[in-house]
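What follows is the content of upload_23.cif (mmCIF, C-alpha atoms).
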data_entry
#
loop_
_atom_site.label_atom_id
_atom_site.label_comp_id
_atom_site.auth_asym_id
_atom_site.auth_seq_id
_atom_site.Cartn_x
_atom_site.Cartn_y
_atom_site.Cartn_z
CA MET V 1 33.17 -3.08 -11.90
CA ARG V 2 34.56 -6.30 -13.37
CA MET V 3 32.96 -9.75 -13.24
CA SER V 4 35.06 -10.78 -10.21
CA GLU V 5 33.77 -7.85 -8.15
CA LEU V 6 30.21 -8.45 -9.35
CA SER V 7 30.52 -12.02 -8.11
CA GLU V 8 31.77 -10.89 -4.72
CA ARG V 9 29.13 -8.15 -4.29
CA SER V 10 26.22 -10.38 -5.31
CA GLY V 11 27.46 -13.45 -3.43
CA LEU V 12 27.11 -15.60 -6.54
CA PRO V 13 29.86 -17.63 -8.26
CA VAL V 14 30.93 -16.42 -11.72
CA ALA V 15 29.55 -19.61 -13.29
CA SER V 16 26.08 -18.89 -11.86
CA ILE V 17 26.16 -15.29 -13.08
CA LYS V 18 27.06 -16.47 -16.60
CA TYR V 19 24.29 -19.04 -16.47
CA TYR V 20 21.72 -16.41 -15.44
CA GLN V 21 22.99 -14.15 -18.25
CA ARG V 22 22.54 -16.92 -20.84
CA GLU V 23 19.04 -17.53 -19.46
CA ALA V 24 18.31 -13.79 -19.87
CA LEU V 25 17.52 -13.25 -16.17
CA VAL V 26 20.37 -10.74 -15.91
CA PRO V 27 21.68 -8.45 -18.68
CA PHE V 28 25.20 -8.77 -20.07
CA GLY V 29 27.73 -6.08 -19.14
CA GLU V 30 29.15 -3.39 -21.38
CA HIS V 31 31.99 -4.77 -23.50
CA THR V 32 35.17 -2.78 -22.80
CA SER V 33 37.54 -5.12 -24.64
CA ALA V 34 37.40 -8.44 -26.48
CA ASN V 35 37.03 -10.51 -23.30
CA GLN V 36 36.15 -7.99 -20.62
CA SER V 37 32.87 -6.35 -19.57
CA GLN V 38 31.93 -3.66 -17.10
CA TYR V 39 29.03 -3.94 -14.68
CA GLY V 40 27.15 -1.38 -12.58
CA GLU V 41 25.01 -1.23 -9.44
CA ALA V 42 21.94 -2.28 -11.43
CA HIS V 43 23.64 -5.61 -12.13
CA VAL V 44 24.35 -6.17 -8.44
CA ASP V 45 20.73 -5.39 -7.54
CA ARG V 46 19.35 -7.66 -10.21
CA LEU V 47 21.59 -10.57 -9.21
CA ARG V 48 20.58 -10.25 -5.56
CA LEU V 49 16.94 -10.34 -6.62
CA VAL V 50 17.47 -13.41 -8.83
CA ARG V 51 19.26 -15.13 -5.96
CA ALA V 52 16.43 -14.38 -3.51
CA LEU V 53 13.76 -15.64 -5.91
CA ILE V 54 15.58 -18.84 -6.84
CA GLU V 55 17.62 -19.78 -3.78
CA VAL V 56 15.32 -18.53 -1.03
CA GLY V 57 11.93 -18.46 -2.74
CA GLY V 58 12.49 -21.77 -4.53
CA LEU V 59 11.39 -20.51 -7.97
CA THR V 60 12.50 -22.30 -11.12
CA VAL V 61 14.51 -20.30 -13.65
CA ALA V 62 11.44 -20.14 -15.91
CA SER V 63 9.23 -18.81 -13.08
CA ALA V 64 11.87 -16.28 -12.05
CA LYS V 65 11.96 -15.06 -15.65
CA ALA V 66 8.20 -14.47 -15.69
CA VAL V 67 8.38 -12.59 -12.42
CA LEU V 68 11.30 -10.39 -13.55
CA ALA V 69 9.39 -9.51 -16.71
CA ALA V 70 6.57 -8.23 -14.45
CA ILE V 71 9.04 -6.04 -12.56
CA ASP V 72 10.53 -4.69 -15.80
CA ASN V 73 7.15 -3.84 -17.30
CA THR V 74 6.33 -0.49 -15.72
CA GLU V 75 2.95 -0.37 -17.47
CA MET V 76 1.63 -3.51 -15.79
CA PRO V 77 -1.13 -2.92 -13.21
CA LEU V 78 0.04 -3.90 -9.72
CA ASP V 79 -2.62 -6.53 -9.24
CA TRP V 80 -1.45 -8.29 -12.39
CA ALA V 81 2.05 -8.37 -10.92
CA PHE V 82 0.53 -10.01 -7.82
CA GLY V 83 -1.12 -12.61 -10.03
CA ILE V 84 2.12 -13.42 -11.84
CA ALA V 85 4.10 -13.67 -8.59
CA GLN V 86 1.37 -15.84 -7.04
CA ARG V 87 1.37 -18.25 -9.93
CA ALA V 88 5.18 -18.46 -9.99
CA ALA V 89 5.35 -19.07 -6.24
CA SER V 90 2.57 -21.66 -6.40
CA LYS V 91 4.77 -24.05 -8.36
CA SER V 92 6.58 -24.86 -5.12
CA VAL V 93 3.31 -25.70 -3.31
CA PRO V 94 3.11 -29.45 -3.92
CA VAL V 95 -0.68 -29.76 -4.04
CA VAL V 96 -1.19 -28.15 -7.44
CA ASP V 97 -0.05 -31.23 -9.41
CA ASP V 98 -3.45 -32.85 -9.41
CA ALA V 99 -6.79 -31.23 -10.21
CA PRO V 100 -9.23 -31.29 -7.27
CA GLY V 101 -12.75 -32.70 -7.53
CA ALA V 102 -15.79 -30.53 -8.32
CA GLU V 103 -17.23 -30.80 -4.81
CA ALA V 104 -14.10 -29.43 -3.13
CA VAL V 105 -13.85 -26.63 -5.73
CA GLN V 106 -17.46 -25.72 -4.96
CA ARG V 107 -16.76 -25.68 -1.23
CA VAL V 108 -13.97 -23.14 -1.78
CA SER V 109 -16.24 -20.98 -3.95
CA ALA V 110 -18.88 -21.04 -1.20
CA LEU V 111 -16.29 -19.90 1.35
CA ILE V 112 -15.18 -17.04 -0.92
CA ASP V 113 -18.80 -15.96 -1.57
CA ASP V 114 -19.77 -16.18 2.11
CA ARG V 115 -17.03 -13.73 2.98
CA GLY V 116 -17.90 -11.48 0.04
CA LEU V 117 -14.40 -11.75 -1.43
CA LEU V 118 -13.66 -10.59 -4.98
CA VAL V 119 -11.56 -13.42 -6.40
CA THR V 120 -11.29 -14.53 -10.05
CA ASP V 121 -11.81 -18.14 -11.10
CA ILE V 122 -8.16 -18.42 -12.10
CA ASN V 123 -6.78 -17.55 -8.66
CA PRO V 124 -4.10 -20.21 -7.97
CA GLY V 125 -5.21 -20.46 -4.33
CA ARG V 126 -8.52 -22.10 -5.25
CA PRO V 127 -7.18 -25.52 -6.36
CA ILE V 128 -4.61 -25.58 -3.55
CA VAL V 129 -7.24 -25.05 -0.85
CA ALA V 130 -9.61 -27.51 -2.55
CA ARG V 131 -6.98 -30.25 -2.64
CA VAL V 132 -6.15 -29.87 1.05
CA LEU V 133 -9.85 -29.94 2.02
CA GLU V 134 -10.28 -33.09 -0.08
CA SER V 135 -7.45 -34.76 1.80
CA TYR V 136 -8.83 -33.78 5.19
CA GLU V 137 -12.17 -35.23 4.11
CA ALA V 138 -10.68 -38.48 2.76
CA LEU V 139 -8.77 -38.95 6.01
CA GLY V 140 -11.87 -38.33 8.11
CA ARG V 141 -10.24 -35.38 9.86
CA SER V 142 -13.32 -33.16 10.23
CA GLU V 143 -11.63 -31.21 13.05
CA LEU V 144 -9.06 -29.95 10.52
CA ILE V 145 -11.79 -28.82 8.11
CA ASP V 146 -13.12 -26.74 11.03
CA THR V 147 -9.84 -24.76 11.14
CA LEU V 148 -10.69 -23.12 7.80
CA PRO V 149 -12.31 -19.90 9.14
CA ALA V 150 -9.35 -19.21 11.45
CA TYR V 151 -6.90 -19.86 8.61
CA LEU V 152 -8.78 -17.43 6.39
CA ASP V 153 -8.80 -14.76 9.14
CA ALA V 154 -5.03 -15.17 9.43
CA ALA V 155 -4.60 -15.05 5.64
CA MET V 156 -6.48 -11.73 5.55
CA ILE V 157 -4.09 -10.29 8.18
CA VAL V 158 -1.06 -11.43 6.20
CA ALA V 159 -2.47 -10.16 2.90
CA ALA V 160 -3.22 -6.76 4.46
CA ALA V 161 0.41 -6.60 5.65
CA ASP V 162 1.56 -7.58 2.14
CA LEU V 163 -0.50 -4.82 0.53
CA GLY V 164 0.59 -2.35 3.21
CA ALA V 165 4.23 -3.09 2.36
CA VAL V 166 3.55 -2.33 -1.30
CA GLY V 167 2.06 1.02 -0.31
CA ALA V 168 5.05 1.77 1.94
CA ALA V 169 7.46 0.90 -0.88
CA GLY V 170 5.57 3.29 -3.13
CA GLU V 171 5.85 6.12 -0.60
CA ARG V 172 9.53 5.47 0.04
CA ALA V 173 10.33 5.43 -3.68
CA ALA V 174 8.03 8.40 -4.45
CA GLY V 175 5.63 6.21 -6.40
CA GLU V 176 8.32 4.58 -8.50
CA ARG V 177 6.56 1.63 -10.05
CA ALA V 178 9.57 -0.75 -10.18
CA ALA V 179 10.07 -0.48 -6.39
CA MET V 180 6.42 -1.35 -5.75
CA THR V 181 6.41 -4.26 -8.18
CA GLU V 182 9.62 -5.60 -6.67
CA THR V 183 7.99 -5.51 -3.22
CA VAL V 184 4.95 -7.33 -4.60
CA VAL V 185 7.09 -10.03 -6.16
CA VAL V 186 9.60 -10.52 -3.34
CA GLY V 187 6.93 -10.42 -0.62
CA THR V 188 4.63 -12.82 -2.44
CA VAL V 189 7.35 -15.34 -3.20
CA LEU V 190 9.20 -15.22 0.14
CA GLY V 191 6.14 -14.60 2.34
CA ASP V 192 5.00 -18.23 2.11
CA ALA V 193 8.29 -19.36 3.64
CA LEU V 194 8.22 -16.58 6.25
CA PHE V 195 4.77 -17.63 7.39
CA ALA V 196 5.65 -21.35 7.40
CA GLY V 197 8.61 -20.57 9.66
CA LEU V 198 6.59 -18.42 12.07
CA ARG V 199 3.84 -21.05 12.19
CA ARG V 200 6.38 -23.59 13.48
CA ILE V 201 7.49 -21.16 16.17
CA ALA V 202 3.90 -20.40 17.22
CA GLN V 203 2.96 -24.09 17.20
CA GLU V 204 5.82 -25.03 19.46
CA HIS V 205 5.02 -22.27 21.93
CA LEU V 206 1.35 -23.21 22.10
CA SER V 207 2.04 -26.95 22.23
CA HIS V 208 4.26 -26.45 25.30
CA THR V 209 1.39 -24.47 26.80
CA TYR V 210 -1.42 -26.90 25.90
CA TYR V 211 0.44 -30.19 26.25
CA PRO V 212 3.32 -29.64 28.65
CA ALA V 213 6.01 -32.34 28.53
CA PRO V 214 8.73 -32.96 31.11
CA THR V 215 11.02 -29.96 30.63
CA GLU V 216 14.24 -31.99 30.99
CA ALA V 217 13.50 -33.55 27.59
CA TYR V 218 13.89 -30.09 26.09
CA ASP V 219 16.56 -27.48 25.96
CA ILE V 220 14.28 -24.52 26.47
CA ASP V 221 16.13 -21.33 25.71
CA CYS V 222 13.86 -18.81 27.32
CA GLU V 223 14.13 -17.31 30.77
CA ASP V 224 10.70 -15.84 31.39
CA GLU V 225 9.88 -14.01 34.60
CA GLU V 226 13.45 -14.12 35.78
CA GLU V 227 13.48 -11.64 38.62
CA MET F 1 -10.32 -57.52 0.64
CA ARG F 2 -7.88 -58.35 -2.17
CA MET F 3 -5.13 -56.09 -3.54
CA SER F 4 -7.32 -54.95 -6.46
CA GLU F 5 -10.02 -53.67 -4.08
CA LEU F 6 -7.41 -52.08 -1.82
CA SER F 7 -6.11 -50.21 -4.86
CA GLU F 8 -9.57 -48.99 -5.77
CA ARG F 9 -10.51 -47.95 -2.22
CA SER F 10 -7.25 -46.08 -1.58
CA GLY F 11 -7.06 -44.50 -5.04
CA LEU F 12 -3.50 -45.76 -5.49
CA PRO F 13 -2.20 -48.00 -8.30
CA VAL F 14 -1.11 -51.51 -7.25
CA ALA F 15 2.50 -50.69 -8.16
CA SER F 16 2.50 -47.73 -5.72
CA ILE F 17 1.01 -49.86 -2.94
CA LYS F 18 3.70 -52.50 -3.44
CA TYR F 19 6.37 -49.80 -3.43
CA TYR F 20 5.07 -48.35 -0.15
CA GLN F 21 5.00 -51.87 1.33
CA ARG F 22 8.64 -52.48 0.34
CA GLU F 23 9.52 -49.11 1.89
CA ALA F 24 7.73 -50.20 5.10
CA LEU F 25 5.25 -47.29 5.05
CA VAL F 26 2.35 -49.74 4.83
CA PRO F 27 2.21 -53.28 6.28
CA PHE F 28 1.93 -56.35 4.08
CA GLY F 29 -1.41 -58.20 4.03
CA GLU F 30 -2.20 -61.58 5.53
CA HIS F 31 -1.09 -64.39 3.22
CA THR F 32 -4.08 -66.56 2.32
CA SER F 33 -2.38 -68.57 -0.43
CA ALA F 34 0.98 -68.68 -2.19
CA ASN F 35 0.33 -65.51 -4.20
CA GLN F 36 -2.66 -63.89 -2.55
CA SER F 37 -3.05 -61.63 0.50
CA GLN F 38 -6.01 -60.23 2.39
CA TYR F 39 -6.25 -56.59 3.50
CA GLY F 40 -8.50 -54.81 6.01
CA GLU F 41 -9.80 -51.29 6.71
CA ALA F 42 -6.58 -50.41 8.54
CA HIS F 43 -4.69 -50.85 5.26
CA VAL F 44 -7.09 -48.52 3.44
CA ASP F 45 -6.72 -45.87 6.16
CA ARG F 46 -2.95 -46.11 6.19
CA LEU F 47 -2.68 -45.85 2.41
CA ARG F 48 -4.90 -42.75 2.34
CA LEU F 49 -2.67 -41.18 4.98
CA VAL F 50 0.50 -42.03 3.05
CA ARG F 51 -1.03 -40.58 -0.09
CA ALA F 52 -1.98 -37.33 1.68
CA LEU F 53 1.48 -36.90 3.20
CA ILE F 54 3.39 -37.63 0.00
CA GLU F 55 1.12 -36.46 -2.82
CA VAL F 56 -0.57 -33.50 -1.14
CA GLY F 57 1.88 -32.58 1.61
CA GLY F 58 4.95 -33.08 -0.60
CA LEU F 59 6.87 -35.22 1.92
CA THR F 60 9.65 -37.52 0.74
CA VAL F 61 9.25 -41.25 1.46
CA ALA F 62 11.88 -40.95 4.21
CA SER F 63 10.07 -38.03 5.87
CA ALA F 64 6.72 -39.80 5.62
CA LYS F 65 8.29 -42.81 7.35
CA ALA F 66 9.47 -40.66 10.29
CA VAL F 67 6.03 -39.11 10.61
CA LEU F 68 4.22 -42.48 10.51
CA ALA F 69 6.53 -43.79 13.22
CA ALA F 70 5.36 -40.87 15.40
CA ILE F 71 1.73 -41.83 14.79
CA ASP F 72 2.42 -45.48 15.59
CA ASN F 73 4.24 -44.70 18.82
CA THR F 74 1.40 -44.20 21.30
CA GLU F 75 3.86 -43.34 24.08
CA MET F 76 5.24 -40.27 22.33
CA PRO F 77 4.27 -36.90 23.91
CA LEU F 78 2.12 -34.87 21.53
CA ASP F 79 4.52 -31.99 21.33
CA TRP F 80 7.26 -34.35 20.14
CA ALA F 81 4.92 -35.48 17.38
CA PHE F 82 4.51 -31.81 16.44
CA GLY F 83 8.29 -31.45 16.29
CA ILE F 84 8.69 -34.48 14.04
CA ALA F 85 5.90 -33.36 11.70
CA GLN F 86 7.33 -29.84 11.60
CA ARG F 87 10.77 -31.06 10.66
CA ALA F 88 9.40 -33.42 8.00
CA ALA F 89 7.22 -30.68 6.49
CA SER F 90 10.09 -28.17 6.55
CA LYS F 91 12.00 -30.15 3.92
CA SER F 92 9.62 -28.74 1.31
CA VAL F 93 10.28 -25.14 2.42
CA PRO F 94 13.14 -24.18 0.08
CA VAL F 95 14.94 -21.76 2.40
CA VAL F 96 16.39 -24.34 4.78
CA ASP F 97 19.18 -25.43 2.40
CA ASP F 98 21.56 -22.73 3.51
CA ALA F 99 22.42 -21.71 7.07
CA PRO F 100 21.46 -18.10 7.87
CA GLY F 101 23.95 -15.58 9.28
CA ALA F 102 24.33 -14.94 13.01
CA GLU F 103 22.75 -11.50 12.86
CA ALA F 104 19.51 -12.76 11.31
CA VAL F 105 19.38 -15.67 13.78
CA GLN F 106 19.75 -13.17 16.62
CA ARG F 107 16.95 -11.01 15.21
CA VAL F 108 14.60 -14.01 15.27
CA SER F 109 15.59 -14.83 18.86
CA ALA F 110 14.87 -11.23 19.86
CA LEU F 111 11.42 -11.44 18.27
CA ILE F 112 10.69 -14.69 20.14
CA ASP F 113 11.90 -13.24 23.45
CA ASP F 114 9.97 -9.97 22.98
CA ARG F 115 6.74 -11.92 22.64
CA GLY F 116 7.63 -14.17 25.57
CA LEU F 117 7.37 -17.32 23.44
CA LEU F 118 8.70 -20.66 24.68
CA VAL F 119 10.59 -22.03 21.69
CA THR F 120 13.60 -24.39 21.68
CA ASP F 121 16.79 -23.59 19.76
CA ILE F 122 16.14 -26.51 17.41
CA ASN F 123 12.76 -25.24 16.21
CA PRO F 124 12.90 -25.55 12.39
CA GLY F 125 11.08 -22.22 12.00
CA ARG F 126 14.06 -20.22 13.29
CA PRO F 127 16.41 -20.71 10.29
CA ILE F 128 13.54 -20.34 7.81
CA VAL F 129 12.49 -16.96 9.22
CA ALA F 130 16.11 -15.83 9.52
CA ARG F 131 16.85 -16.64 5.87
CA VAL F 132 13.82 -14.70 4.63
CA LEU F 133 14.72 -11.67 6.77
CA GLU F 134 18.26 -11.81 5.41
CA SER F 135 16.93 -11.72 1.87
CA TYR F 136 14.60 -8.78 2.59
CA GLU F 137 17.58 -6.96 4.08
CA ALA F 138 19.94 -7.76 1.18
CA LEU F 139 17.31 -6.53 -1.28
CA GLY F 140 16.77 -3.30 0.67
CA ARG F 141 13.08 -4.10 1.19
CA SER F 142 12.67 -2.64 4.69
CA GLU F 143 8.90 -2.40 4.20
CA LEU F 144 8.76 -6.21 4.02
CA ILE F 145 10.73 -6.55 7.26
CA ASP F 146 8.02 -4.38 8.83
CA THR F 147 5.39 -7.02 8.01
CA LEU F 148 6.92 -9.38 10.59
CA PRO F 149 4.65 -8.50 13.58
CA ALA F 150 1.48 -8.98 11.49
CA TYR F 151 2.79 -12.29 10.15
CA LEU F 152 3.50 -13.48 13.69
CA ASP F 153 0.00 -12.43 14.84
CA ALA F 154 -1.45 -14.46 11.98
CA ALA F 155 0.81 -17.43 12.78
CA MET F 156 -0.47 -17.42 16.36
CA ILE F 157 -4.08 -17.56 15.09
CA VAL F 158 -3.26 -20.49 12.80
CA ALA F 159 -1.30 -22.33 15.50
CA ALA F 160 -4.18 -21.90 17.96
CA ALA F 161 -6.53 -23.42 15.36
CA ASP F 162 -4.05 -26.27 14.83
CA LEU F 163 -3.88 -27.03 18.54
CA GLY F 164 -7.65 -26.67 18.86
CA ALA F 165 -8.10 -29.31 16.14
CA VAL F 166 -5.86 -31.69 18.08
CA GLY F 167 -8.03 -31.21 21.16
CA ALA F 168 -11.20 -31.76 19.11
CA ALA F 169 -9.75 -34.97 17.64
CA GLY F 170 -8.99 -36.15 21.16
CA GLU F 171 -12.57 -35.52 22.29
CA ARG F 172 -14.06 -37.17 19.23
CA ALA F 173 -11.89 -40.26 19.65
CA ALA F 174 -12.32 -40.35 23.46
CA GLY F 175 -8.68 -39.45 24.04
CA GLU F 176 -7.33 -42.07 21.65
CA ARG F 177 -3.74 -41.05 21.16
CA ALA F 178 -3.37 -42.24 17.52
CA ALA F 179 -6.28 -40.00 16.40
CA MET F 180 -4.68 -36.97 18.04
CA THR F 181 -1.24 -37.67 16.63
CA GLU F 182 -2.69 -38.18 13.17
CA THR F 183 -4.38 -34.77 13.41
CA VAL F 184 -1.09 -33.21 14.51
CA VAL F 185 0.78 -34.74 11.61
CA VAL F 186 -1.79 -34.19 8.86
CA GLY F 187 -2.58 -30.64 10.00
CA THR F 188 1.06 -29.66 10.32
CA VAL F 189 2.06 -31.05 6.94
CA LEU F 190 -0.98 -29.92 4.92
CA GLY F 191 -1.62 -26.67 6.81
CA ASP F 192 1.30 -24.89 5.08
CA ALA F 193 -0.34 -25.51 1.71
CA LEU F 194 -3.79 -24.56 3.03
CA PHE F 195 -2.49 -21.24 4.28
CA ALA F 196 -0.52 -20.55 1.09
CA GLY F 197 -3.70 -21.10 -0.92
CA LEU F 198 -5.84 -18.85 1.31
CA ARG F 199 -3.16 -16.15 1.24
CA ARG F 200 -3.44 -16.00 -2.56
CA ILE F 201 -7.21 -15.63 -2.29
CA ALA F 202 -6.93 -12.89 0.35
CA GLN F 203 -4.21 -11.07 -1.61
CA GLU F 204 -6.28 -10.97 -4.77
CA HIS F 205 -9.34 -9.66 -2.94
CA LEU F 206 -7.36 -6.91 -1.21
CA SER F 207 -5.38 -6.01 -4.31
CA HIS F 208 -8.63 -5.42 -6.23
CA THR F 209 -9.73 -3.22 -3.34
CA TYR F 210 -6.47 -1.27 -2.95
CA TYR F 211 -5.37 -1.11 -6.58
CA PRO F 212 -8.47 -1.41 -8.74
CA ALA F 213 -7.82 -2.29 -12.36
CA PRO F 214 -10.24 -2.01 -15.29
CA THR F 215 -12.74 -4.79 -14.56
CA GLU F 216 -13.03 -5.89 -18.19
CA ALA F 217 -9.50 -7.27 -17.92
CA TYR F 218 -10.80 -9.74 -15.35
CA ASP F 219 -13.45 -12.38 -15.25
CA ILE F 220 -14.73 -11.54 -11.81
CA ASP F 221 -16.98 -14.30 -10.59
CA CYS F 222 -18.71 -12.56 -7.74
CA GLU F 223 -22.01 -10.74 -7.73
CA ASP F 224 -21.88 -8.65 -4.60
CA GLU F 225 -24.84 -6.57 -3.50
CA GLU F 226 -27.09 -8.01 -6.13
CA GLU F 227 -30.54 -6.92 -5.06
#

Take the structure from the file and write it as structure tokens.
Amino acid sequence: MRMSELSERSGLPVASIKYYQREALVPFGEHTSANQSQYGEAHVDRLRLVRALIEVGGLTVASAKAVLAAIDNTEMPLDWAFGIAQRAASKSVPVVDDAPGAEAVQRVSALIDDRGLLVTDINPGRPIVARVLESYEALGRSELIDTLPAYLDAAMIVAAADLGAVGAAGERAAGERAAMTETVVVGTVLGDALFAGLRRIAQEHLSHTYYPAPTEAYDIDCEDEEE
Amino acid sequence: MRMSELSERSGLPVASIKYYQREALVPFGEHTSANQSQYGEAHVDRLRLVRALIEVGGLTVASAKAVLAAIDNTEMPLDWAFGIAQRAASKSVPVVDDAPGAEAVQRVSALIDDRGLLVTDINPGRPIVARVLESYEALGRSELIDTLPAYLDAAMIVAAADLGAVGAAGERAAGERAAMTETVVVGTVLGDALFAGLRRIAQEHLSHTYYPAPTEAYDIDCEDEEE
């Protein structure tokens, strides 16, 4: 296909496609004449992936490049691919800018040890969790520190679903490594946003239940027990 | 106390404090002479809160202002405060830039109805979840769409912990509304980051379990079953 069709199929303007090509996120096409190139399905797939990582997952171009290199390297162990995707997706979590204090870091290590979790020192979750705990502490919000065990339970459920999806991708693609790595990367990057969205839905439902407000102030779009 | 002590106690440079005062996030002090003001504990508390919302939670100054107004309004129902905090904290979720398609929006509504959840049409989680599902679909990652029920289960656990913390804050502060609203706001804004961090920890643990790699490639800091 020509560039115009590639643009239509991928949903990206030609200028963006050319930019991603210059940045080496997407390969150039096959030259068929001096100023024309041909593209295949692999180009469409790659552009859709780039778009999801950058536009939906919020990755920078540099982070997207690191993550695509993990997908393209079929020798890379899957848990390394997880690590690369985690680090890339952590750039959009605001708390990592500042290093947390030693006490908060130690508190996170204690939590990990108590649960018997196997987690390296370089896991990008450690400083994020430590920084949030530090803030809760500084603000005197001890009741929020107490939510930690429930949050970790929920994180284990989500992580098990993430790993299950990788296994399912492997079965579907007959063990093809690129399919599994792509599931690792896409699920890791976009899963943060998916969970944040579902948390807002769950919070609203429970807050109506726990702290009912006059219903006329709301436009509740849910006919339950309508019979 | 004087401005210099306020700066030390809050951990913020004087220039930042003056900026937040001009932006009306923090009140001015009491003038004691032509170029000197006095500050109290309430100023320290407010500055720590502003710092947590902006530096740790990633809110913009405008979003932080909306959230502080919710805390200051003691008449506001708690579930409205949740809504305001949710919307403010959703600005840092990258997926909300673009409106999702009708089909994905409908899929989210079906999920909400199936679970019998009471959620308004304006809940900011709806478009976020819809956009992620659209991306999974476009990328042909059906196995990631299948993670949705587990993610929602986990979101319900986290939301129950969030609401429980609000109740605990209310008991601790003898029903003082400002304490409860502050817990709503801080927990909603910082909870996204807390969960994202814990998810990375849980993923690494499970990925070592499911897909073990040669341990010498890692610096595993965990002596389990050492006896």

- Task: Given the file shown, determine the residues that the PyMOL selection byres ((chain F) within 6 of (chain V)) selects; report them as a ChimeraX atom specification.
- Result: /F:56,58,79,94-95,117-120,125,128-129,143-144,147,151,154-156,158-159,161,165,194,197-203,205,207,220-221

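For the atom pair formed by atom CA of V:Ile71 and atom CA of V:Val26, the distance is 12.7 Å, given to one decimal.
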
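Going from atom CA of F:Ser63 to atom CA of F:Ala99 covers 20.5 Å.
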
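Closest approach to F:Val189 among F:Ser4, F:Thr32, F:Gln106, F:Thr60 is made by F:Thr60 (distances from all atoms listed in the file).
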
Taking every listed atom of stretch 150-157 of chain F and adding 6 Å to each side, what centre and edge lengths in Å (one decimal) does the axis-aligned box have, as lines of an AutoDock Vina configuration file?
center_x = -0.3
center_y = -13.3
center_z = 13.3
size_x = 19.6
size_y = 20.6
size_z = 18.2

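Put simply, atom CA of V:Glu75 is 12.3 Å away from atom CA of V:Met180.
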